[in-house]
$ cat model-v3.pdb   # PDB, C-alpha atoms (C1' of nucleotides)
ATOM      1  CA  MET A  29       3.837 -12.599 -20.195  1.00  0.00           C
ATOM      2  CA  THR A  30       3.833 -13.810 -16.669  1.00  0.00           C
ATOM      3  CA  THR A  31       5.327 -11.747 -13.915  1.00  0.00           C
ATOM      4  CA  SER A  32       6.522 -13.964 -11.106  1.00  0.00           C
ATOM      5  CA  MET A  33       6.139 -12.834  -7.538  1.00  0.00           C
ATOM      6  CA  GLY A  34       9.895 -12.654  -7.260  1.00  0.00           C
ATOM      7  CA  GLU A  35      10.100 -10.195 -10.125  1.00  0.00           C
ATOM      8  CA  PHE A  36       7.199  -8.213  -8.767  1.00  0.00           C
ATOM      9  CA  ARG A  37       8.863  -7.979  -5.411  1.00  0.00           C
ATOM     10  CA  SER A  38      12.202  -6.840  -6.774  1.00  0.00           C
ATOM     11  CA  ARG A  39      10.529  -4.241  -8.992  1.00  0.00           C
ATOM     12  CA  VAL A  40       8.666  -2.868  -6.003  1.00  0.00           C
ATOM     13  CA  LEU A  41      11.871  -2.653  -3.989  1.00  0.00           C
ATOM     14  CA  ASP A  42      13.698  -0.970  -6.884  1.00  0.00           C
ATOM     15  CA  LEU A  43      11.002   1.676  -7.067  1.00  0.00           C
ATOM     16  CA  VAL A  44      11.026   2.263  -3.320  1.00  0.00           C
ATOM     17  CA  ALA A  45      14.795   2.711  -3.422  1.00  0.00           C
ATOM     18  CA  ARG A  46      14.379   5.515  -5.958  1.00  0.00           C
ATOM     19  CA  ILE A  47      11.810   7.638  -4.096  1.00  0.00           C
ATOM     20  CA  PRO A  48      13.444  11.026  -3.511  1.00  0.00           C
ATOM     21  CA  VAL A  49      13.758  12.531  -0.048  1.00  0.00           C
ATOM     22  CA  GLY A  50      10.564  14.236   1.034  1.00  0.00           C
ATOM     23  CA  ARG A  51       8.435  12.498  -1.605  1.00  0.00           C
ATOM     24  CA  VAL A  52       6.060   9.528  -1.268  1.00  0.00           C
ATOM     25  CA  MET A  53       4.477   6.706  -3.262  1.00  0.00           C
ATOM     26  CA  THR A  54       1.333   4.725  -2.486  1.00  0.00           C
ATOM     27  CA  TYR A  55       0.899   0.954  -2.245  1.00  0.00           C
ATOM     28  CA  GLY A  56      -1.458   0.850  -5.194  1.00  0.00           C
ATOM     29  CA  GLN A  57       0.829   3.016  -7.273  1.00  0.00           C
ATOM     30  CA  LEU A  58       3.754   0.684  -6.621  1.00  0.00           C
ATOM     31  CA  ALA A  59       1.637  -2.328  -7.545  1.00  0.00           C
ATOM     32  CA  LEU A  60       0.642  -0.641 -10.805  1.00  0.00           C
ATOM     33  CA  LEU A  61       4.166   0.409 -11.774  1.00  0.00           C
ATOM     34  CA  ALA A  62       5.670  -2.939 -10.753  1.00  0.00           C
ATOM     35  CA  GLY A  63       3.351  -4.735 -13.158  1.00  0.00           C
ATOM     36  CA  SER A  64       0.564  -6.010 -10.936  1.00  0.00           C
ATOM     37  CA  ALA A  65      -2.201  -3.417 -10.952  1.00  0.00           C
ATOM     38  CA  GLY A  66      -4.745  -3.894  -8.208  1.00  0.00           C
ATOM     39  CA  ASN A  67      -2.356  -5.859  -6.056  1.00  0.00           C
ATOM     40  CA  ALA A  68      -1.774  -3.143  -3.480  1.00  0.00           C
ATOM     41  CA  ARG A  69      -2.265  -5.528  -0.584  1.00  0.00           C
ATOM     42  CA  GLN A  70       0.650  -7.617  -1.741  1.00  0.00           C
ATOM     43  CA  VAL A  71       2.838  -4.516  -1.714  1.00  0.00           C
ATOM     44  CA  GLY A  72       1.941  -4.083   1.929  1.00  0.00           C
ATOM     45  CA  PHE A  73       2.991  -7.655   2.548  1.00  0.00           C
ATOM     46  CA  ILE A  74       6.288  -7.107   0.738  1.00  0.00           C
ATOM     47  CA  MET A  75       6.983  -4.068   2.906  1.00  0.00           C
ATOM     48  CA  GLN A  76       6.865  -6.261   6.007  1.00  0.00           C
ATOM     49  CA  GLY A  77      10.281  -6.378   7.578  1.00  0.00           C
ATOM     50  CA  LEU A  78      11.795  -3.554   5.551  1.00  0.00           C
ATOM     51  CA  ALA A  79      11.987  -1.235   8.531  1.00  0.00           C
ATOM     52  CA  GLU A  80      15.369  -2.744   9.306  1.00  0.00           C
ATOM     53  CA  SER A  81      16.581  -2.404   5.743  1.00  0.00           C
ATOM     54  CA  GLU A  82      18.435   0.441   4.091  1.00  0.00           C
ATOM     55  CA  LEU A  83      15.431   1.206   1.915  1.00  0.00           C
ATOM     56  CA  PRO A  84      13.420   4.404   2.483  1.00  0.00           C
ATOM     57  CA  TRP A  85      10.397   2.327   3.505  1.00  0.00           C
ATOM     58  CA  GLN A  86       8.894   5.338   5.288  1.00  0.00           C
ATOM     59  CA  ARG A  87       8.116   6.937   1.923  1.00  0.00           C
ATOM     60  CA  VAL A  88       5.384   4.413   1.179  1.00  0.00           C
ATOM     61  CA  ILE A  89       1.938   5.474   2.404  1.00  0.00           C
ATOM     62  CA  ASN A  90      -1.662   4.761   1.509  1.00  0.00           C
ATOM     63  CA  ALA A  91      -3.827   6.309  -1.181  1.00  0.00           C
ATOM     64  CA  GLN A  92      -5.417   8.723   1.286  1.00  0.00           C
ATOM     65  CA  GLY A  93      -2.027  10.264   2.010  1.00  0.00           C
ATOM     66  CA  ALA A  94      -1.979   8.698   5.462  1.00  0.00           C
ATOM     67  CA  ILE A  95       0.334   6.323   7.285  1.00  0.00           C
ATOM     68  CA  SER A  96      -0.805   2.701   7.388  1.00  0.00           C
ATOM     69  CA  THR A  97       1.776   1.284   9.744  1.00  0.00           C
ATOM     70  CA  TYR A  98       0.251   2.116  13.119  1.00  0.00           C
ATOM     71  CA  LYS A  99      -1.365  -1.321  13.245  1.00  0.00           C
ATOM     72  CA  VAL A 100       2.059  -2.930  12.828  1.00  0.00           C
ATOM     73  CA  GLY A 101       3.764  -0.718  15.354  1.00  0.00           C
ATOM     74  CA  PHE A 102       5.830   1.493  13.061  1.00  0.00           C
ATOM     75  CA  GLY A 103       3.455   4.420  12.694  1.00  0.00           C
ATOM     76  CA  GLU A 104       5.158   6.871  15.017  1.00  0.00           C
ATOM     77  CA  THR A 105       8.581   6.035  13.633  1.00  0.00           C
ATOM     78  CA  GLN A 106       7.388   6.464  10.080  1.00  0.00           C
ATOM     79  CA  ARG A 107       5.756   9.788  10.774  1.00  0.00           C
ATOM     80  CA  ALA A 108       8.857  11.076  12.564  1.00  0.00           C
ATOM     81  CA  LEU A 109      11.110  10.011   9.690  1.00  0.00           C
ATOM     82  CA  LEU A 110       8.881  11.710   7.143  1.00  0.00           C
ATOM     83  CA  GLU A 111       8.549  14.877   9.157  1.00  0.00           C
ATOM     84  CA  ALA A 112      12.336  14.932   9.504  1.00  0.00           C
ATOM     85  CA  GLU A 113      12.575  15.132   5.720  1.00  0.00           C
ATOM     86  CA  GLY A 114       9.997  17.869   5.429  1.00  0.00           C
ATOM     87  CA  VAL A 115       6.685  16.044   4.995  1.00  0.00           C
ATOM     88  CA  SER A 116       3.886  17.628   7.022  1.00  0.00           C
ATOM     89  CA  PHE A 117       0.614  16.072   8.107  1.00  0.00           C
ATOM     90  CA  ASP A 118      -2.718  17.737   8.779  1.00  0.00           C
ATOM     91  CA  GLU A 119      -5.003  17.208  11.772  1.00  0.00           C
ATOM     92  CA  SER A 120      -6.405  14.024  10.280  1.00  0.00           C
ATOM     93  CA  GLY A 121      -2.926  12.638   9.710  1.00  0.00           C
ATOM     94  CA  ARG A 122      -2.762  13.142   5.980  1.00  0.00           C
ATOM     95  CA  CYS A 123      -0.149  14.764   3.788  1.00  0.00           C
ATOM     96  CA  ASP A 124      -0.733  16.486   0.457  1.00  0.00           C
ATOM     97  CA  LEU A 125      -0.444  13.728  -2.131  1.00  0.00           C
ATOM     98  CA  THR A 126      -1.083  16.101  -5.025  1.00  0.00           C
ATOM     99  CA  ARG A 127       2.142  17.836  -4.044  1.00  0.00           C
ATOM    100  CA  LEU A 128       4.262  15.023  -2.649  1.00  0.00           C
ATOM    101  CA  GLN A 129       3.388  11.888  -4.604  1.00  0.00           C
ATOM    102  CA  TRP A 130       6.332  10.912  -6.772  1.00  0.00           C
ATOM    103  CA  TRP A 131       5.983   9.393 -10.230  1.00  0.00           C
ATOM    104  CA  PRO A 132       9.209   8.102 -11.762  1.00  0.00           C
ATOM    105  CA  ASP A 133      10.306   9.972 -14.870  1.00  0.00           C
ATOM    106  CA  ARG A 134      13.655  10.673 -16.453  1.00  0.00           C
ATOM    107  CA  GLU A 135      13.854  14.289 -15.357  1.00  0.00           C
ATOM    108  CA  ASP A 136      13.177  13.685 -11.714  1.00  0.00           C
ATOM    109  CA  GLU A 137      15.716  10.953 -11.062  1.00  0.00           C
ATOM    110  CA  GLN A 138      17.688  10.815  -7.856  1.00  0.00           C
ATOM    111  CA  PRO A 139      20.696   8.641  -7.118  1.00  0.00           C
ATOM    112  CA  ALA A 140      19.593   5.256  -5.853  1.00  0.00           C
ATOM    113  CA  LEU A 141      20.055   4.879  -2.147  1.00  0.00           C
ATOM    114  CA  LEU A 142      21.217   1.301  -2.349  1.00  0.00           C
TER     115      LEU A 142
ATOM    116  C1'  DG B  22      -8.390 -28.005  -2.453  1.00  0.00           C
ATOM    117  C1'  DG B  23     -10.977 -24.393   1.204  1.00  0.00           C
ATOM    118  C1'  DT B  24     -10.846 -20.491   4.245  1.00  0.00           C
ATOM    119  C1'  DC B  25      -9.161 -16.655   6.578  1.00  0.00           C
ATOM    120  C1'  DT B  26      -6.306 -12.611   6.827  1.00  0.00           C
ATOM    121  C1'  DG B  27      -4.374  -8.265   5.460  1.00  0.00           C
ATOM    122  C1'  DA B  28       1.483  -1.801   6.003  1.00  0.00           C
ATOM    123  C1'  DC B  29      -4.836  -1.751   0.196  1.00  0.00           C
ATOM    124  C1'  DC B  30      -8.320   0.803  -2.882  1.00  0.00           C
ATOM    125  C1'  DA B  31     -12.325   2.945  -5.462  1.00  0.00           C
ATOM    126  C1'  DG B  32     -16.874   3.774  -5.315  1.00  0.00           C
ATOM    127  C1'  DG B  33     -21.291   4.638  -3.271  1.00  0.00           C
ATOM    128  C1'  DG B  34     -24.379   6.315   0.193  1.00  0.00           C
TER     129       DG B  34
ATOM    130  C1'  DA C  22     -15.894  14.058   5.361  1.00  0.00           C
ATOM    131  C1'  DC C  23     -17.185   9.584   7.143  1.00  0.00           C
ATOM    132  C1'  DC C  24     -18.451   4.604   7.001  1.00  0.00           C
ATOM    133  C1'  DC C  25     -19.378   0.505   4.479  1.00  0.00           C
ATOM    134  C1'  DT C  26     -18.969  -2.674   0.741  1.00  0.00           C
ATOM    135  C1'  DG C  27     -16.996  -5.372  -2.544  1.00  0.00           C
ATOM    136  C1'  DG C  28     -12.932  -6.429  -5.034  1.00  0.00           C
ATOM    137  C1'  DC C  29      -8.272  -7.665  -4.929  1.00  0.00           C
ATOM    138  C1'  DC C  30      -4.771 -11.790  -4.551  1.00  0.00           C
ATOM    139  C1'  DA C  31      -0.590 -13.945  -2.233  1.00  0.00           C
ATOM    140  C1'  DG C  32       0.447 -16.335   2.178  1.00  0.00           C
ATOM    141  C1'  DA C  33      -0.415 -19.149   5.877  1.00  0.00           C
ATOM    142  C1'  DC C  34      -2.570 -22.602   7.887  1.00  0.00           C
TER     143       DC C  34
END
$ encode --input "model-v3.pdb" --output "structure tokens"
Amino acid sequence: MTTSMGEFRSRVLDLVARIPVGRVMTYGQLALLAGSAGNARQVGFIMQGLAESELPWQRVINAQGAISTYKVGFGETQRALLEAEGVSFDESGRCDLTRLQWWPDREDEQPALL
DNA sequence: GGTCTGACCAGGG
DNA sequence: ACCCTGGCCAGAC
């Protein structure tokens, strides 16, 4: 079964759209759940340009619980958006993934934001 | 085809 | 906790 890049991309975006307010997912986690384990870097590429979209792009962070977008110029914006929905960061710029990382399951569904 | 790059990651020292 | 390494793989020359 081959998963085309187009399918991968749309699965990633579907997942991002479902992340509840105040929760986060990581690049690697999205790659895994979208059917391309180990392809975290491609998720980063897919996220390019989503800052102007309606998607909650700010809820995607790296596996250390930190923001990865400073190098692309969106870091401050992302942090502000997350803090505005209740996510707090420690001195080293990390949030508590054990508490905030969201894994899709039937009980914890939220209305899609699309 | 080859080579470089990257909103990444896990593991090891 | 930090830094480094190697792995990852699609895009863009």
$ residues_around --input "model-v3.pdb" --residues "DC25 of chain C" --least-positions-apart "4" --cutoff "12 Å" --atoms "all atoms listed in the file" --output "list in words"
DG32, DG33 and DG34 of chain B
$ interface_residues --input "model-v3.pdb" --of "chain B" --to "chain A" --cutoff "7 Å" --atoms "all atoms listed in the file" --output "PyMOL selection string"
chain B and resi 27-29
$ atom_distance --input "model-v3.pdb" --atom1 "atom CA of Arg37 of chain A" --atom2 "atom CA of Ala94 of chain A"
22.7 Å
$ atom_distance --input "model-v3.pdb" --atom1 "atom CA of Ser32 of chain A" --atom2 "atom CA of Ala65 of chain A"
13.7 Å
$ atom_distance --input "model-v3.pdb" --atom1 "atom CA of Glu113 of chain A" --atom2 "atom CA of Leu61 of chain A"
24.4 Å
$ closest_atom_pairs --input "model-v3.pdb" --of "chain C" --to "chain A" --cutoff "10 Å" --atoms "all atoms listed in the file" --output "Markdown table"
| residue | atom | partner | partner_atom | distance |
| --- | --- | --- | --- | --- |
| C:DG28 | C1' | A:Gly66 | CA | 9.1 |
| C:DC29 | C1' | A:Gly66 | CA | 6.1 |
| C:DC30 | C1' | A:Asn67 | CA | 6.6 |
| C:DA31 | C1' | A:Gln70 | CA | 6.5 |
| C:DG32 | C1' | A:Phe73 | CA | 9.1 |
$ write_last_selection --input "model-v3.pdb" --atoms "C-alpha atoms (C1' of nucleotides)" --output "mmCIF file, keeping the file's coordinate frame"
data_model
loop_
_atom_site.group_PDB
_atom_site.id
_atom_site.type_symbol
_atom_site.label_atom_id
_atom_site.label_comp_id
_atom_site.auth_asym_id
_atom_site.auth_seq_id
_atom_site.Cartn_x
_atom_site.Cartn_y
_atom_site.Cartn_z
ATOM 1 C "C1'" DG C 28 -12.932 -6.429 -5.034
ATOM 2 C "C1'" DC C 29 -8.272 -7.665 -4.929
ATOM 3 C "C1'" DC C 30 -4.771 -11.790 -4.551
ATOM 4 C "C1'" DA C 31 -0.590 -13.945 -2.233
ATOM 5 C "C1'" DG C 32 0.447 -16.335 2.178
#
$ resolve_selection --input "model-v3.pdb" --expression "the PyMOL selection byres ((chain A and resi 128) around 9)" --output "number ranges by chain"
A: 50-53, 115, 123-127, 129-130
$ closest_residue --input "model-v3.pdb" --among "A:Gln57, A:Ser116, A:Ser64, A:Gln86" --to "Trp131 of chain A" --atoms "only C-alpha atoms"
A:Gln57
$ residues_around --input "model-v3.pdb" --residues "Trp85 of chain A" --least-positions-apart "5" --cutoff "7 Å" --atoms "all atoms listed in the file" --output "ChimeraX atom specification"
/A:44,78-79
$ resolve_selection --input "model-v3.pdb" --expression "the PyMOL selection byres ((chain C and resi 34) around 10)" --output "number ranges by chain"
B: 24-25; C: 32-33
$ closest_residue --input "model-v3.pdb" --among "A:Val49, A:Asp133, A:Leu58, A:Glu80" --to "Gly114 of chain A" --atoms "only C-alpha atoms"
A:Val49
$ build_atoms --input "model-v3.pdb" --residues "segment 68-90 of chain A" --atoms "N, CA, C and O atoms" --output "PDB file, in the frame of the given file"
ATOM      1  N   ALA A  68      -2.343  -4.000  -4.522  1.00  0.00           N
ATOM      2  CA  ALA A  68      -1.774  -3.143  -3.480  1.00  0.00           C
ATOM      3  C   ALA A  68      -1.521  -3.900  -2.180  1.00  0.00           C
ATOM      4  O   ALA A  68      -0.536  -3.656  -1.484  1.00  0.00           O
ATOM      5  N   ARG A  69      -2.413  -4.821  -1.859  1.00  0.00           N
ATOM      6  CA  ARG A  69      -2.265  -5.528  -0.584  1.00  0.00           C
ATOM      7  C   ARG A  69      -0.974  -6.312  -0.555  1.00  0.00           C
ATOM      8  O   ARG A  69      -0.346  -6.454   0.487  1.00  0.00           O
ATOM      9  N   GLN A  70      -0.588  -6.849  -1.701  1.00  0.00           N
ATOM     10  CA  GLN A  70       0.650  -7.617  -1.741  1.00  0.00           C
ATOM     11  C   GLN A  70       1.850  -6.704  -1.508  1.00  0.00           C
ATOM     12  O   GLN A  70       2.848  -7.125  -0.927  1.00  0.00           O
ATOM     13  N   VAL A  71       1.747  -5.453  -1.962  1.00  0.00           N
ATOM     14  CA  VAL A  71       2.838  -4.516  -1.714  1.00  0.00           C
ATOM     15  C   VAL A  71       3.000  -4.320  -0.209  1.00  0.00           C
ATOM     16  O   VAL A  71       4.111  -4.311   0.310  1.00  0.00           O
ATOM     17  N   GLY A  72       1.886  -4.200   0.484  1.00  0.00           N
ATOM     18  CA  GLY A  72       1.941  -4.083   1.929  1.00  0.00           C
ATOM     19  C   GLY A  72       2.661  -5.265   2.540  1.00  0.00           C
ATOM     20  O   GLY A  72       3.491  -5.126   3.434  1.00  0.00           O
ATOM     21  N   PHE A  73       2.338  -6.437   2.036  1.00  0.00           N
ATOM     22  CA  PHE A  73       2.991  -7.655   2.548  1.00  0.00           C
ATOM     23  C   PHE A  73       4.486  -7.606   2.285  1.00  0.00           C
ATOM     24  O   PHE A  73       5.297  -7.951   3.147  1.00  0.00           O
ATOM     25  N   ILE A  74       4.874  -7.182   1.093  1.00  0.00           N
ATOM     26  CA  ILE A  74       6.288  -7.107   0.738  1.00  0.00           C
ATOM     27  C   ILE A  74       7.028  -6.140   1.657  1.00  0.00           C
ATOM     28  O   ILE A  74       8.184  -6.358   2.009  1.00  0.00           O
ATOM     29  N   MET A  75       6.342  -5.073   2.058  1.00  0.00           N
ATOM     30  CA  MET A  75       6.983  -4.068   2.906  1.00  0.00           C
ATOM     31  C   MET A  75       7.278  -4.598   4.308  1.00  0.00           C
ATOM     32  O   MET A  75       8.087  -4.032   5.023  1.00  0.00           O
ATOM     33  N   GLN A  76       6.622  -5.670   4.695  1.00  0.00           N
ATOM     34  CA  GLN A  76       6.865  -6.261   6.007  1.00  0.00           C
ATOM     35  C   GLN A  76       8.347  -6.548   6.184  1.00  0.00           C
ATOM     36  O   GLN A  76       8.974  -7.181   5.361  1.00  0.00           O
ATOM     37  N   GLY A  77       8.904  -6.056   7.264  1.00  0.00           N
ATOM     38  CA  GLY A  77      10.281  -6.378   7.578  1.00  0.00           C
ATOM     39  C   GLY A  77      11.300  -5.442   6.960  1.00  0.00           C
ATOM     40  O   GLY A  77      12.487  -5.590   7.203  1.00  0.00           O
ATOM     41  N   LEU A  78      10.851  -4.466   6.187  1.00  0.00           N
ATOM     42  CA  LEU A  78      11.795  -3.554   5.551  1.00  0.00           C
ATOM     43  C   LEU A  78      12.256  -2.432   6.466  1.00  0.00           C
ATOM     44  O   LEU A  78      13.167  -1.693   6.134  1.00  0.00           O
ATOM     45  N   ALA A  79      11.626  -2.319   7.622  1.00  0.00           N
ATOM     46  CA  ALA A  79      11.987  -1.235   8.531  1.00  0.00           C
ATOM     47  C   ALA A  79      13.425  -1.362   9.012  1.00  0.00           C
ATOM     48  O   ALA A  79      14.005  -0.387   9.463  1.00  0.00           O
ATOM     49  N   GLU A  80      13.986  -2.573   8.897  1.00  0.00           N
ATOM     50  CA  GLU A  80      15.369  -2.744   9.306  1.00  0.00           C
ATOM     51  C   GLU A  80      16.310  -2.651   8.113  1.00  0.00           C
ATOM     52  O   GLU A  80      17.509  -2.783   8.267  1.00  0.00           O
ATOM     53  N   SER A  81      15.749  -2.446   6.944  1.00  0.00           N
ATOM     54  CA  SER A  81      16.581  -2.404   5.743  1.00  0.00           C
ATOM     55  C   SER A  81      17.103  -0.997   5.497  1.00  0.00           C
ATOM     56  O   SER A  81      16.788  -0.062   6.214  1.00  0.00           O
ATOM     57  N   GLU A  82      17.888  -0.860   4.451  1.00  0.00           N
ATOM     58  CA  GLU A  82      18.435   0.441   4.091  1.00  0.00           C
ATOM     59  C   GLU A  82      17.463   1.211   3.206  1.00  0.00           C
ATOM     60  O   GLU A  82      17.709   2.353   2.863  1.00  0.00           O
ATOM     61  N   LEU A  83      16.384   0.558   2.819  1.00  0.00           N
ATOM     62  CA  LEU A  83      15.431   1.206   1.915  1.00  0.00           C
ATOM     63  C   LEU A  83      14.650   2.303   2.638  1.00  0.00           C
ATOM     64  O   LEU A  83      14.400   2.201   3.831  1.00  0.00           O
ATOM     65  N   PRO A  84      14.252   3.338   1.904  1.00  0.00           N
ATOM     66  CA  PRO A  84      13.420   4.404   2.483  1.00  0.00           C
ATOM     67  C   PRO A  84      11.971   3.959   2.583  1.00  0.00           C
ATOM     68  O   PRO A  84      11.076   4.544   1.960  1.00  0.00           O
ATOM     69  N   TRP A  85      11.724   2.935   3.359  1.00  0.00           N
ATOM     70  CA  TRP A  85      10.397   2.327   3.505  1.00  0.00           C
ATOM     71  C   TRP A  85       9.373   3.343   3.994  1.00  0.00           C
ATOM     72  O   TRP A  85       8.179   3.220   3.732  1.00  0.00           O
ATOM     73  N   GLN A  86       9.827   4.368   4.722  1.00  0.00           N
ATOM     74  CA  GLN A  86       8.894   5.338   5.288  1.00  0.00           C
ATOM     75  C   GLN A  86       8.192   6.158   4.221  1.00  0.00           C
ATOM     76  O   GLN A  86       7.170   6.769   4.485  1.00  0.00           O
ATOM     77  N   ARG A  87       8.711   6.113   2.975  1.00  0.00           N
ATOM     78  CA  ARG A  87       8.116   6.937   1.923  1.00  0.00           C
ATOM     79  C   ARG A  87       6.965   6.248   1.226  1.00  0.00           C
ATOM     80  O   ARG A  87       6.482   6.727   0.204  1.00  0.00           O
ATOM     81  N   VAL A  88       6.536   5.119   1.747  1.00  0.00           N
ATOM     82  CA  VAL A  88       5.384   4.413   1.179  1.00  0.00           C
ATOM     83  C   VAL A  88       4.195   4.587   2.117  1.00  0.00           C
ATOM     84  O   VAL A  88       4.249   4.197   3.281  1.00  0.00           O
ATOM     85  N   ILE A  89       3.142   5.211   1.604  1.00  0.00           N
ATOM     86  CA  ILE A  89       1.938   5.474   2.404  1.00  0.00           C
ATOM     87  C   ILE A  89       0.706   5.056   1.617  1.00  0.00           C
ATOM     88  O   ILE A  89       0.837   4.570   0.495  1.00  0.00           O
ATOM     89  N   ASN A  90      -0.462   5.218   2.206  1.00  0.00           N
ATOM     90  CA  ASN A  90      -1.662   4.761   1.509  1.00  0.00           C
ATOM     91  C   ASN A  90      -2.252   5.833   0.597  1.00  0.00           C
ATOM     92  O   ASN A  90      -1.796   6.979   0.581  1.00  0.00           O
TER      93      ASN A  90
END
